[in-house]
file query_7.txt (compact mmCIF, C-alpha atoms)
# COMPACT_ATOMS: atom_id res chain seq x y z
CA MET Y 1 67.26 120.65 -43.78
CA ALA Y 2 67.09 119.22 -40.26
CA ILE Y 3 63.99 121.22 -39.36
CA ASN Y 4 60.60 119.55 -39.84
CA PHE Y 5 58.60 122.58 -40.92
CA LYS Y 6 55.36 120.65 -41.31
CA ARG Y 7 55.56 119.55 -37.67
CA PHE Y 8 56.50 123.06 -36.54
CA PHE Y 9 53.57 124.79 -38.26
CA LYS Y 10 51.15 122.11 -37.04
CA ARG Y 11 52.27 122.67 -33.45
CA LEU Y 12 52.06 126.43 -33.85
CA GLU Y 13 48.49 126.18 -35.08
CA ASP Y 14 47.62 123.67 -32.34
CA ILE Y 15 48.72 126.19 -29.74
CA ASN Y 16 46.87 129.09 -31.32
CA ASN Y 17 43.67 127.16 -32.00
CA LEU Y 18 43.34 125.79 -28.49
CA LYS Y 19 40.17 127.14 -26.95
CA ASN Y 20 38.63 127.48 -23.54
CA LYS Y 21 35.36 125.71 -24.41
CA SER Y 22 33.35 127.80 -21.94
CA PHE Y 23 33.18 130.68 -24.39
CA GLU Y 24 33.68 131.42 -28.08
CA LYS Y 25 36.87 133.14 -29.21
CA ILE Y 26 37.60 134.90 -32.47
CA ASN Y 27 41.11 136.17 -31.80
CA ILE Y 28 43.99 134.92 -29.67
CA ASN Y 29 43.56 136.05 -26.06
CA ARG Y 30 46.03 133.89 -24.17
CA ILE Y 31 46.43 136.24 -21.22
CA ALA Y 32 48.99 135.16 -18.61
CA LEU Y 33 47.86 132.62 -16.00
CA THR Y 34 44.35 132.22 -17.39
CA LEU Y 35 42.75 128.93 -18.40
CA ASP Y 36 43.81 129.49 -22.02
CA ASP Y 37 47.41 129.93 -20.87
CA LYS Y 38 47.17 126.70 -18.87
CA ILE Y 39 45.77 124.74 -21.84
CA ALA Y 40 48.71 125.83 -24.04
CA ARG Y 41 51.24 125.13 -21.27
CA ASP Y 42 49.86 121.62 -20.77
CA LYS Y 43 50.08 120.89 -24.50
CA ILE Y 44 53.72 122.02 -24.75
CA ILE Y 45 54.71 119.96 -21.71
CA ILE Y 46 53.27 116.88 -23.43
CA TRP Y 47 55.47 117.57 -26.46
CA MET Y 48 58.48 118.05 -24.18
CA LYS Y 49 57.81 114.76 -22.42
CA ASN Y 50 57.54 113.00 -25.78
CA LEU Y 51 61.17 114.12 -26.32
CA ASN Y 52 62.11 112.73 -22.89
CA LEU Y 53 63.09 116.18 -21.70
CA SER Y 54 63.48 116.81 -17.99
CA ILE Y 55 60.69 119.24 -17.01
CA LYS Y 56 61.26 121.85 -14.32
CA ILE Y 57 58.82 124.56 -13.18
CA ASP Y 58 60.00 127.39 -10.97
CA ASN Y 59 58.21 129.47 -8.35
CA ILE Y 60 56.88 132.04 -10.84
CA GLY Y 61 55.58 129.38 -13.25
CA ASN Y 62 58.41 129.48 -15.79
CA ILE Y 63 58.63 126.14 -17.61
CA PHE Y 64 61.99 124.61 -18.55
CA GLY Y 65 62.59 121.48 -20.61
CA PHE Y 66 66.16 120.12 -20.50
CA TYR Y 67 68.21 117.65 -22.50
CA ASN Y 68 71.36 116.24 -20.82
CA PHE Y 69 70.81 118.49 -17.83
CA LYS Y 70 72.39 117.75 -14.48
CA LYS Y 71 72.86 119.80 -11.33
CA ASN Y 72 75.53 122.51 -11.65
CA THR Y 73 75.63 122.23 -15.46
CA LYS Y 74 75.15 125.33 -17.60
CA PRO Y 75 72.91 124.60 -20.58
CA ILE Y 76 72.44 126.72 -23.66
CA LEU Y 77 68.89 128.02 -23.35
CA LEU Y 78 66.42 128.79 -26.16
CA GLY Y 79 62.91 130.11 -25.75
CA SER Y 80 60.44 132.94 -25.32
CA HIS Y 81 56.86 133.25 -24.01
CA ILE Y 82 53.36 132.06 -24.96
CA ASP Y 83 51.16 134.60 -23.16
CA THR Y 84 49.66 137.26 -25.42
CA VAL Y 85 48.01 140.65 -25.43
CA ARG Y 86 44.28 140.82 -26.19
CA ASN Y 87 43.29 140.13 -29.81
CA ALA Y 88 46.86 139.08 -30.53
CA GLY Y 89 48.59 137.65 -33.57
CA ARG Y 90 49.88 134.11 -34.03
CA PHE Y 91 53.63 134.59 -33.78
CA ASP Y 92 54.53 136.98 -30.94
CA GLY Y 93 56.26 134.75 -28.40
CA SER Y 94 54.91 131.46 -29.70
CA LEU Y 95 57.36 131.47 -32.60
CA GLY Y 96 60.28 131.50 -30.18
CA VAL Y 97 58.87 128.71 -27.99
CA ILE Y 98 57.63 126.30 -30.67
CA GLY Y 99 60.71 127.15 -32.76
CA ALA Y 100 63.00 126.29 -29.84
CA LEU Y 101 61.18 123.00 -29.37
CA GLU Y 102 61.60 122.13 -33.05
CA VAL Y 103 65.30 123.05 -33.02
CA LEU Y 104 65.90 120.92 -29.94
CA GLU Y 105 64.01 117.97 -31.44
CA ALA Y 106 66.06 118.27 -34.65
CA LEU Y 107 69.33 118.37 -32.68
CA ILE Y 108 68.36 115.32 -30.64
CA LYS Y 109 67.22 113.26 -33.62
CA LYS Y 110 70.33 114.19 -35.59
CA ASN Y 111 72.40 113.23 -32.53
CA VAL Y 112 74.25 116.52 -32.89
CA THR Y 113 75.29 117.02 -29.28
CA ASN Y 114 75.58 115.48 -25.86
CA LYS Y 115 75.95 118.86 -24.18
CA PRO Y 116 73.17 120.31 -21.99
CA ILE Y 117 70.56 122.41 -23.76
CA GLY Y 118 67.10 123.58 -22.75
CA ILE Y 119 63.88 125.36 -23.65
CA ALA Y 120 62.35 128.15 -21.57
CA ILE Y 121 58.74 129.37 -21.51
CA PHE Y 122 58.64 132.53 -19.44
CA THR Y 123 55.56 133.66 -17.50
CA ASN Y 124 53.72 136.95 -18.14
CA GLU Y 125 56.05 138.51 -20.70
CA GLU Y 126 53.36 140.85 -21.99
CA GLY Y 127 52.35 142.41 -18.67
CA VAL Y 128 48.69 142.67 -19.71
CA ARG Y 129 47.24 141.15 -16.54
CA PHE Y 130 50.08 141.71 -14.07
CA THR Y 131 52.70 144.50 -14.04
CA PRO Y 132 55.59 144.59 -14.82
CA ASP Y 133 55.95 142.89 -18.17
CA MET Y 134 58.71 140.29 -18.63
CA MET Y 135 57.87 139.20 -15.10
CA GLY Y 136 58.91 135.56 -15.48
CA SER Y 137 62.38 136.29 -16.82
CA TRP Y 138 62.75 139.22 -14.40
CA SER Y 139 61.91 136.92 -11.48
CA PHE Y 140 64.13 134.07 -12.73
CA THR Y 141 67.18 136.33 -12.77
CA LYS Y 142 66.46 137.38 -9.16
CA ARG Y 143 65.92 141.03 -10.00
CA GLU Y 144 63.29 141.12 -7.25
CA ASN Y 145 62.43 139.04 -4.18
CA ILE Y 146 59.84 136.37 -5.02
CA ASN Y 147 57.68 137.20 -1.99
CA LYS Y 148 57.28 140.78 -3.24
CA ILE Y 149 56.34 139.50 -6.68
CA TYR Y 150 53.73 137.16 -5.18
CA LYS Y 151 51.86 140.17 -3.78
CA ILE Y 152 51.37 141.83 -7.18
CA LYS Y 153 47.65 141.93 -8.08
CA ASP Y 154 45.62 142.18 -11.26
CA ASN Y 155 42.62 144.48 -11.73
CA ASN Y 156 40.37 141.91 -10.02
CA ASN Y 157 42.57 141.89 -6.90
CA ILE Y 158 43.92 138.40 -7.64
CA THR Y 159 47.57 137.94 -6.67
CA ILE Y 160 50.21 136.34 -8.86
CA LYS Y 161 50.57 133.53 -6.33
CA ASP Y 162 46.83 132.77 -6.28
CA ALA Y 163 46.70 132.82 -10.10
CA LEU Y 164 49.63 130.37 -10.30
CA LYS Y 165 47.94 128.05 -7.80
CA LYS Y 166 44.64 128.16 -9.69
CA ILE Y 167 46.17 126.89 -12.94
CA LYS Y 168 48.52 124.55 -11.00
CA TYR Y 169 51.76 126.12 -12.18
CA LEU Y 170 53.24 127.26 -8.88
CA GLY Y 171 56.50 125.34 -9.25
CA LYS Y 172 59.00 124.20 -6.65
CA GLU Y 173 62.23 125.39 -8.21
CA LYS Y 174 63.66 128.60 -6.77
CA GLN Y 175 64.74 131.73 -8.63
CA LEU Y 176 67.90 131.17 -10.68
CA PHE Y 177 67.99 127.47 -9.75
CA PHE Y 178 70.43 127.06 -12.63
CA LYS Y 179 72.54 129.47 -14.66
CA PRO Y 180 72.37 129.31 -18.46
CA ARG Y 181 75.62 129.26 -20.43
CA MET Y 182 73.92 131.52 -22.96
CA PHE Y 183 70.41 132.42 -24.13
CA LEU Y 184 69.05 132.86 -27.66
CA GLU Y 185 65.53 134.01 -28.56
CA LEU Y 186 63.83 133.86 -31.96
CA HIS Y 187 61.09 136.48 -32.38
CA ILE Y 188 59.19 138.50 -34.92
CA GLU Y 189 60.50 142.06 -35.19
CA GLN Y 190 57.15 143.68 -34.23
CA GLY Y 191 58.20 146.71 -36.24
CA PRO Y 192 58.52 147.70 -39.93
CA ILE Y 193 62.29 147.99 -40.43
CA LEU Y 194 63.06 144.53 -41.86
CA ASP Y 195 59.92 144.65 -44.01
CA ILE Y 196 60.83 148.10 -45.39
CA GLU Y 197 64.47 147.16 -45.99
CA LYS Y 198 63.48 143.79 -47.52
CA LYS Y 199 65.81 141.84 -45.23
CA ASN Y 200 65.33 138.19 -44.21
CA ILE Y 201 66.89 138.45 -40.75
CA GLY Y 202 67.36 140.99 -37.99
CA ILE Y 203 70.42 140.56 -35.76
CA VAL Y 204 69.57 142.34 -32.53
CA LYS Y 205 72.25 144.51 -30.96
CA GLY Y 206 70.22 145.24 -27.84
CA VAL Y 207 66.94 146.47 -26.35
CA GLN Y 208 66.13 150.06 -25.56
CA ALA Y 209 65.32 151.35 -22.07
CA ILE Y 210 61.65 151.16 -21.05
CA THR Y 211 59.72 153.15 -18.43
CA TRP Y 212 55.99 152.84 -17.72
CA LEU Y 213 54.20 155.58 -15.78
CA LYS Y 214 50.66 155.75 -14.39
CA VAL Y 215 49.40 159.31 -14.12
CA VAL Y 216 46.28 160.24 -12.16
CA LEU Y 217 44.74 163.72 -12.39
CA PHE Y 218 42.18 164.71 -9.73
CA GLY Y 219 39.56 167.36 -10.51
CA LYS Y 220 36.04 168.09 -9.30
CA SER Y 221 32.76 166.82 -10.74
CA ASN Y 222 30.00 169.28 -11.50
CA HIS Y 223 27.08 169.89 -13.83
CA ALA Y 224 28.08 170.24 -17.48
CA GLY Y 225 25.36 172.78 -18.24
CA THR Y 226 25.60 175.12 -15.28
CA THR Y 227 29.31 175.35 -14.40
CA PRO Y 228 31.11 178.22 -16.20
CA MET Y 229 34.22 177.17 -18.12
CA SER Y 230 36.36 179.50 -16.02
CA ASN Y 231 35.19 177.87 -12.76
CA ARG Y 232 35.92 174.28 -13.70
CA ARG Y 233 38.55 171.96 -12.24
CA ASP Y 234 38.50 169.64 -15.23
CA PRO Y 235 41.29 167.01 -15.39
CA ILE Y 236 40.47 166.30 -19.04
CA LYS Y 237 41.65 169.81 -19.94
CA VAL Y 238 45.04 169.06 -18.37
CA PHE Y 239 45.15 165.65 -20.02
CA GLY Y 240 44.58 167.29 -23.40
CA GLU Y 241 47.49 169.65 -22.82
CA VAL Y 242 49.76 166.81 -21.69
CA SER Y 243 48.78 164.85 -24.80
CA SER Y 244 49.49 167.88 -26.98
CA TYR Y 245 52.91 168.32 -25.36
CA ILE Y 246 53.77 164.66 -25.98
CA ASN Y 247 52.66 164.69 -29.61
CA SER Y 248 54.51 167.94 -30.37
CA PHE Y 249 57.80 166.52 -29.07
CA LYS Y 250 60.52 166.44 -31.73
CA SER Y 251 62.35 163.13 -31.34
CA ASP Y 252 66.12 163.07 -31.78
CA ARG Y 253 66.65 160.80 -34.82
CA LYS Y 254 63.27 159.23 -33.99
CA GLN Y 255 64.81 157.42 -31.01
CA GLN Y 256 62.56 158.82 -28.29
CA MET Y 257 59.20 157.02 -28.22
CA ILE Y 258 56.24 157.77 -25.96
CA THR Y 259 52.75 156.31 -26.02
CA ILE Y 260 49.56 156.96 -24.08
CA GLY Y 261 48.36 153.38 -23.84
CA SER Y 262 45.32 153.28 -21.53
CA LEU Y 263 42.79 155.88 -20.39
CA ASN Y 264 40.09 155.82 -17.71
CA ILE Y 265 37.72 158.67 -16.88
CA GLU Y 266 35.43 159.01 -13.86
CA PRO Y 267 32.48 159.28 -13.63
CA ASN Y 268 32.48 158.93 -17.46
CA GLN Y 269 29.06 160.50 -18.05
CA VAL Y 270 28.08 162.75 -20.93
CA ASN Y 271 26.65 165.58 -18.79
CA VAL Y 272 29.13 165.51 -15.87
CA ILE Y 273 32.53 167.18 -15.59
CA ALA Y 274 35.08 164.50 -14.81
CA ASN Y 275 36.60 164.34 -11.33
CA LYS Y 276 39.40 161.91 -12.18
CA ILE Y 277 41.35 160.78 -15.19
CA GLU Y 278 43.95 158.02 -15.14
CA PHE Y 279 46.30 157.21 -18.02
CA THR Y 280 49.48 155.26 -18.67
CA LEU Y 281 52.63 156.31 -20.50
CA ASP Y 282 55.08 153.98 -22.21
CA ILE Y 283 58.45 155.74 -22.67
CA ARG Y 284 61.37 154.17 -24.60
CA ASN Y 285 64.83 155.21 -25.77
CA PRO Y 286 68.06 153.31 -26.57
CA ASN Y 287 69.90 155.94 -24.51
CA ASP Y 288 69.17 155.71 -20.75
CA LYS Y 289 70.21 159.29 -20.01
CA LYS Y 290 68.00 160.73 -22.73
CA LEU Y 291 65.02 158.73 -21.48
CA VAL Y 292 65.54 160.04 -17.93
CA GLN Y 293 65.89 163.58 -19.25
CA PHE Y 294 62.64 163.30 -21.20
CA GLU Y 295 60.86 161.78 -18.20
CA ASN Y 296 62.05 164.63 -15.95
CA ASN Y 297 60.88 167.25 -18.46
CA LEU Y 298 57.51 165.52 -18.75
CA ASN Y 299 57.05 165.40 -14.97
CA LYS Y 300 57.89 169.09 -14.78
CA LYS Y 301 55.33 169.89 -17.50
CA ILE Y 302 52.59 167.88 -15.74
CA LYS Y 303 53.33 169.69 -12.47
CA GLU Y 304 53.14 173.11 -14.16
CA LEU Y 305 49.86 172.32 -15.94
CA CYS Y 306 48.23 170.92 -12.80
CA PHE Y 307 49.27 173.95 -10.73
CA ALA Y 308 47.93 176.36 -13.37
CA ASN Y 309 44.56 174.55 -13.46
CA ASN Y 310 44.15 173.83 -9.72
CA ILE Y 311 44.39 170.08 -10.36
CA LYS Y 312 46.05 167.61 -7.99
CA TYR Y 313 48.02 164.75 -9.48
CA LYS Y 314 50.00 161.58 -8.78
CA VAL Y 315 52.63 159.84 -10.92
CA ASP Y 316 53.62 156.23 -10.21
CA LYS Y 317 56.45 154.40 -11.95
CA LEU Y 318 55.23 150.91 -12.94
CA VAL Y 319 58.25 149.71 -14.92
CA ASN Y 320 61.83 150.91 -15.16
CA PHE Y 321 64.13 148.70 -17.25
CA PRO Y 322 67.49 150.07 -18.44
CA SER Y 323 68.75 149.53 -21.97
CA VAL Y 324 70.59 146.27 -22.68
CA LYS Y 325 73.41 145.43 -25.11
CA PHE Y 326 73.51 141.89 -26.49
CA ASP Y 327 76.56 139.66 -26.81
CA LYS Y 328 78.86 140.53 -29.73
CA LYS Y 329 80.35 137.02 -29.97
CA ILE Y 330 76.93 135.40 -30.39
CA ASN Y 331 75.99 138.05 -32.95
CA LYS Y 332 79.17 137.32 -34.89
CA VAL Y 333 78.08 133.67 -35.14
CA ILE Y 334 74.62 134.78 -36.32
CA ILE Y 335 76.19 137.03 -38.97
CA ASN Y 336 78.51 134.28 -40.22
CA LYS Y 337 75.70 131.74 -40.44
CA SER Y 338 73.42 134.24 -42.20
CA LYS Y 339 76.12 134.81 -44.81
CA LYS Y 340 76.70 131.10 -45.27
CA LEU Y 341 72.96 130.49 -45.72
CA LYS Y 342 72.79 133.51 -48.08
CA TYR Y 343 70.16 135.26 -45.96
CA THR Y 344 70.04 139.03 -46.15
CA TYR Y 345 70.32 140.62 -42.72
CA LEU Y 346 70.36 143.88 -40.81
CA GLU Y 347 71.77 144.72 -37.39
CA LEU Y 348 69.30 146.72 -35.30
CA PHE Y 349 68.06 147.57 -31.82
CA SER Y 350 64.75 146.18 -30.59
CA GLY Y 351 62.02 148.70 -29.97
CA ALA Y 352 60.03 146.18 -27.94
CA GLY Y 353 60.95 144.61 -24.63
CA HIS Y 354 61.80 140.90 -24.54
CA ASP Y 355 62.72 138.17 -22.06
CA ALA Y 356 66.19 138.19 -23.60
CA GLN Y 357 66.92 141.59 -22.07
CA MET Y 358 66.40 140.08 -18.60
CA LEU Y 359 68.60 137.05 -19.36
CA ALA Y 360 71.36 139.38 -20.56
CA ASN Y 361 71.94 140.25 -16.90
CA ILE Y 362 73.14 136.71 -16.12
CA CYS Y 363 74.60 135.23 -19.33
CA PRO Y 364 75.65 136.04 -22.93
CA THR Y 365 72.42 136.67 -24.82
CA SER Y 366 71.07 137.66 -28.21
CA MET Y 367 68.02 137.55 -30.46
CA ILE Y 368 67.16 136.68 -34.05
CA PHE Y 369 64.34 138.67 -35.67
CA VAL Y 370 62.22 137.75 -38.67
CA PRO Y 371 60.13 140.41 -40.48
CA SER Y 372 56.64 141.49 -39.46
CA GLU Y 373 54.56 142.36 -42.52
CA LYS Y 374 53.87 146.12 -42.52
CA GLY Y 375 55.34 146.23 -39.02
CA ILE Y 376 52.05 145.04 -37.48
CA SER Y 377 52.15 143.33 -34.09
CA HIS Y 378 50.02 143.12 -30.94
CA ASP Y 379 47.06 142.81 -33.30
CA SER Y 380 45.17 139.97 -34.97
CA LYS Y 381 46.44 141.23 -38.36
CA GLU Y 382 50.03 140.39 -37.36
CA ASN Y 383 51.66 138.22 -40.03
CA THR Y 384 55.04 136.88 -41.07
CA LYS Y 385 55.57 135.00 -44.34
CA LYS Y 386 56.21 131.29 -44.04
CA SER Y 387 59.36 131.68 -46.10
CA ASP Y 388 60.74 134.16 -43.55
CA ILE Y 389 59.78 131.92 -40.63
CA LYS Y 390 61.58 129.00 -42.28
CA LYS Y 391 64.73 131.09 -42.67
CA GLY Y 392 64.56 132.21 -39.05
CA LEU Y 393 64.13 128.64 -37.80
CA ASN Y 394 66.88 127.29 -40.01
CA LEU Y 395 69.20 130.06 -38.80
CA LEU Y 396 68.32 129.34 -35.15
CA TYR Y 397 69.17 125.67 -35.70
CA ASN Y 398 72.51 126.39 -37.37
CA VAL Y 399 73.56 129.03 -34.84
CA THR Y 400 72.63 126.78 -31.89
CA LYS Y 401 74.51 123.89 -33.45
CA GLU Y 402 77.59 126.11 -33.76
CA LEU Y 403 77.32 127.45 -30.21
CA LEU Y 404 77.12 123.91 -28.85
CA LYS Y 405 80.62 123.27 -30.23
CA GLU Y 406 82.15 125.93 -27.97

call {"tool": "encode", "arguments": {"input": "query_7.txt", "output": "structure tokens"}}
result
Amino acid sequence: MAINFKRFFKRLEDINNLKNKSFEKININRIALTLDDKIARDKIIIWMKNLNLSIKIDNIGNIFGFYNFKKNTKPILLGSHIDTVRNAGRFDGSLGVIGALEVLEALIKKNVTNKPIGIAIFTNEEGVRFTPDMMGSWSFTKRENINKIYKIKDNNNITIKDALKKIKYLGKEKQLFFKPRMFLELHIEQGPILDIEKKNIGIVKGVQAITWLKVVLFGKSNHAGTTPMSNRRDPIKVFGEVSSYINSFKSDRKQQMITIGSLNIEPNQVNVIANKIEFTLDIRNPNDKKLVQFENNLNKKIKELCFANNIKYKVDKLVNFPSVKFDKKINKVIINKSKKLKYTYLELFSGAGHDAQMLANICPTSMIFVPSEKGISHDSKENTKKSDIKKGLNLLYNVTKELLKE
């Protein structure tokens, strides 16, 4: 095999064991544009420079490392992200970045190609600190004006631009300063399907549509012991009914997904009726029309419940990404190579959002999944067997090698 798995796993652990020495960490908390993110970025750039790659950083902090890259060329691009959620696992994102680096190093040392190829590390894929998620790939593809993106703030009122400046990753390259010939991302599945079906590889047909909503319900605070139940304007009562409506929804073939992800209550005191409750909704469906239909029905239900309980409300749309179909020709190559390597595989849609869905707007794109044990992800218990990771890396190498011939 061309892949040096010992080197790959050492690099992966180096990235995940890097610590901000100012405080002790138990789990991986590499939130976008924090010091921990910077430390990992710096380390990967050193590895890129050791390969004599040409390093480019764009105006949202995306990092690109190129081999045989010249102006107006269209390289094949591999990559993912390195930012994480809180208390994250070891593989989400990092597998695709360190895996891409290993594949590129193997190709260079084997002298496989003289065609342009590159690695991408996209900024703020998770959307934990700044909304929306997949911000780096979204920005790169010019889906939004960079000056509007710069004004986005985190919960501490720090803008994206100020955060980039602080960690010294506000790059000079403009949005879409080059156009990839194609993009390929290796990732853990983050769901249970491959693990349940006992398959080595997931060949991703596309990514489902994603909408994030922030709902705020406004009530009136009062004393918990003296205010009759019939006289209350309690937003928690409405929230409970909204939650019940969501959890009673019968999904068509289990395609419609909805999650209440965050919840804030004010004043959050045991003996005071709440005057405000704020929560987020993550809504997903492979079918855009069905997602919109569900969203409209949900908005109607919230309006009815608020009117019946004398509660004011506000609904803001934080994210609205349509579904994406990946490139059939690339997937055919992945299937053929999987067969040749005797890897079992399954074609499936991704339930999670990925940078690849942004890149699909500008070039042929696809993804390779490896199994997540018990479907666990976005948690410190996330795990993928080394044998499965090796298969995924070996497949990525062989598919990239084949695509470079075209």

call {"tool": "residues_near_point", "arguments": {"input": "query_7.txt", "point": "(63.1, 131.7, -31.8)", "cutoff": "6 Å", "atoms": "only C-alpha atoms", "output": "number ranges by chain"}}
result
Y: 95-96, 99-100, 185-187

call {"tool": "residues_around", "arguments": {"input": "query_7.txt", "residues": "stretch 139-142 of chain Y", "least_positions_apart": "3", "cutoff": "7 Å", "atoms": "only C-alpha atoms", "output": "CSV table (one decimal) with C-alpha atoms, in the coordinates of the input"}}
result
chain,number,residue,atom,x,y,z
Y,135,MET,CA,57.9,139.2,-15.1
Y,136,GLY,CA,58.9,135.6,-15.5
Y,145,ASN,CA,62.4,139.0,-4.2
Y,146,ILE,CA,59.8,136.4,-5.0
Y,175,GLN,CA,64.7,131.7,-8.6
Y,176,LEU,CA,67.9,131.2,-10.7
Y,358,MET,CA,66.4,140.1,-18.6
Y,359,LEU,CA,68.6,137.0,-19.4
Y,362,ILE,CA,73.1,136.7,-16.1

call {"tool": "residues_around", "arguments": {"input": "query_7.txt", "residues": "stretch 167-171 of chain Y", "least_positions_apart": "2", "cutoff": "8 Å", "atoms": "all atoms listed in the file", "output": "MDAnalysis selection string"}}
result
chainID Y and resid 33:35 38 56:62 161 163:165 173

call {"tool": "closest_atom_pairs", "arguments": {"input": "query_7.txt", "of": "stretch 263-349 of chain Y", "to": "stretch 226-234 of chain Y", "cutoff": "12 Å", "atoms": "all atoms listed in the file", "output": "JSON lines"}}
result
{"residue": "Y:Ile265", "atom": "CA", "partner": "Y:Asp234", "partner_atom": "CA", "distance": 11.1}
{"residue": "Y:Glu266", "atom": "CA", "partner": "Y:Asp234", "partner_atom": "CA", "distance": 11.1}
{"residue": "Y:Asn271", "atom": "CA", "partner": "Y:Thr226", "partner_atom": "CA", "distance": 10.2}
{"residue": "Y:Val272", "atom": "CA", "partner": "Y:Thr227", "partner_atom": "CA", "distance": 10.0}
{"residue": "Y:Ile273", "atom": "CA", "partner": "Y:Asp234", "partner_atom": "CA", "distance": 6.5}
{"residue": "Y:Ala274", "atom": "CA", "partner": "Y:Asp234", "partner_atom": "CA", "distance": 6.2}
{"residue": "Y:Asn275", "atom": "CA", "partner": "Y:Asp234", "partner_atom": "CA", "distance": 6.8}
{"residue": "Y:Lys276", "atom": "CA", "partner": "Y:Asp234", "partner_atom": "CA", "distance": 8.4}
{"residue": "Y:Ile277", "atom": "CA", "partner": "Y:Asp234", "partner_atom": "CA", "distance": 9.3}
{"residue": "Y:Leu305", "atom": "CA", "partner": "Y:Asp234", "partner_atom": "CA", "distance": 11.7}
{"residue": "Y:Cys306", "atom": "CA", "partner": "Y:Arg233", "partner_atom": "CA", "distance": 9.8}
{"residue": "Y:Phe307", "atom": "CA", "partner": "Y:Arg233", "partner_atom": "CA", "distance": 11.0}
{"residue": "Y:Ala308", "atom": "CA", "partner": "Y:Arg233", "partner_atom": "CA", "distance": 10.4}
{"residue": "Y:Asn309", "atom": "CA", "partner": "Y:Arg233", "partner_atom": "CA", "distance": 6.7}
{"residue": "Y:Asn310", "atom": "CA", "partner": "Y:Arg233", "partner_atom": "CA", "distance": 6.4}
{"residue": "Y:Ile311", "atom": "CA", "partner": "Y:Arg233", "partner_atom": "CA", "distance": 6.4}
{"residue": "Y:Lys312", "atom": "CA", "partner": "Y:Arg233", "partner_atom": "CA", "distance": 9.7}

call {"tool": "closest_residue", "arguments": {"input": "query_7.txt", "among": "Y:Asp36, Y:Asp92, Y:Asp14, Y:Asp327", "to": "Y:Gln190", "atoms": "all atoms listed in the file"}}
result
Y:Asp92

call {"tool": "closest_residue", "arguments": {"input": "query_7.txt", "among": "Y:Asn222, Y:Lys303, Y:Asn200, Y:Thr211", "to": "Y:Glu241", "atoms": "all atoms listed in the file"}}
result
Y:Lys303

call {"tool": "residues_near_point", "arguments": {"input": "query_7.txt", "point": "(43.1, 165.7, -23.7)", "cutoff": "12 Å", "atoms": "only C-alpha atoms", "output": "list in words"}}
result
Leu217, Asp234, Pro235, Ile236, Lys237, Val238, Phe239, Gly240, Glu241, Val242, Ser243, Ser244, Tyr245, Ile246, Asn247, Ile260, Leu263, Asn264, Ile265, Ile277, Glu278 and Phe279 of chain Y

call {"tool": "atom_distance", "arguments": {"input": "query_7.txt", "atom1": "atom CA of Y:Ile330", "atom2": "atom CA of Y:Pro116"}}
result
17.7 Å

call {"tool": "residues_around", "arguments": {"input": "query_7.txt", "residues": "stretch 77-89 of chain Y", "least_positions_apart": "6", "cutoff": "7 Å", "atoms": "only C-alpha atoms", "output": "count of residues only"}}
result
33

call {"tool": "residues_around", "arguments": {"input": "query_7.txt", "residues": "Y:Arg7", "least_positions_apart": "3", "cutoff": "12 Å", "atoms": "all atoms listed in the file", "output": "mmCIF file with C-alpha atoms, keeping the file's coordinate frame"}}
result
data_model
loop_
_atom_site.group_PDB
_atom_site.id
_atom_site.type_symbol
_atom_site.label_atom_id
_atom_site.label_comp_id
_atom_site.auth_asym_id
_atom_site.auth_seq_id
_atom_site.Cartn_x
_atom_site.Cartn_y
_atom_site.Cartn_z
ATOM 1 C CA ALA Y 2 67.090 119.220 -40.260
ATOM 2 C CA ILE Y 3 63.990 121.220 -39.360
ATOM 3 C CA ASN Y 4 60.600 119.550 -39.840
ATOM 4 C CA LYS Y 10 51.150 122.110 -37.040
ATOM 5 C CA ARG Y 11 52.270 122.670 -33.450
ATOM 6 C CA LEU Y 12 52.060 126.430 -33.850
ATOM 7 C CA GLU Y 13 48.490 126.180 -35.080
ATOM 8 C CA ASP Y 14 47.620 123.670 -32.340
ATOM 9 C CA TRP Y 47 55.470 117.570 -26.460
ATOM 10 C CA ILE Y 98 57.630 126.300 -30.670
ATOM 11 C CA GLY Y 99 60.710 127.150 -32.760
ATOM 12 C CA LEU Y 101 61.180 123.000 -29.370
ATOM 13 C CA GLU Y 102 61.600 122.130 -33.050
ATOM 14 C CA VAL Y 103 65.300 123.050 -33.020
ATOM 15 C CA GLU Y 105 64.010 117.970 -31.440
ATOM 16 C CA ALA Y 106 66.060 118.270 -34.650
#

call {"tool": "closest_residue", "arguments": {"input": "query_7.txt", "among": "Y:Ile203, Y:Pro364, Y:Ser248, Y:Thr400", "to": "Y:Asn331", "atoms": "only C-alpha atoms"}}
result
Y:Ile203

call {"tool": "atom_distance", "arguments": {"input": "query_7.txt", "atom1": "atom CA of Y:Asn50", "atom2": "atom CA of Y:Tyr67"}}
result
12.1 Å

call {"tool": "atom_distance", "arguments": {"input": "query_7.txt", "atom1": "atom CA of Y:Asn299", "atom2": "atom CA of Y:Leu213"}}
result
10.3 Å

call {"tool": "closest_residue", "arguments": {"input": "query_7.txt", "among": "Y:Tyr397, Y:Tyr150, Y:Phe5, Y:Tyr345", "to": "Y:Ile193", "atoms": "all atoms listed in the file"}}
result
Y:Tyr345
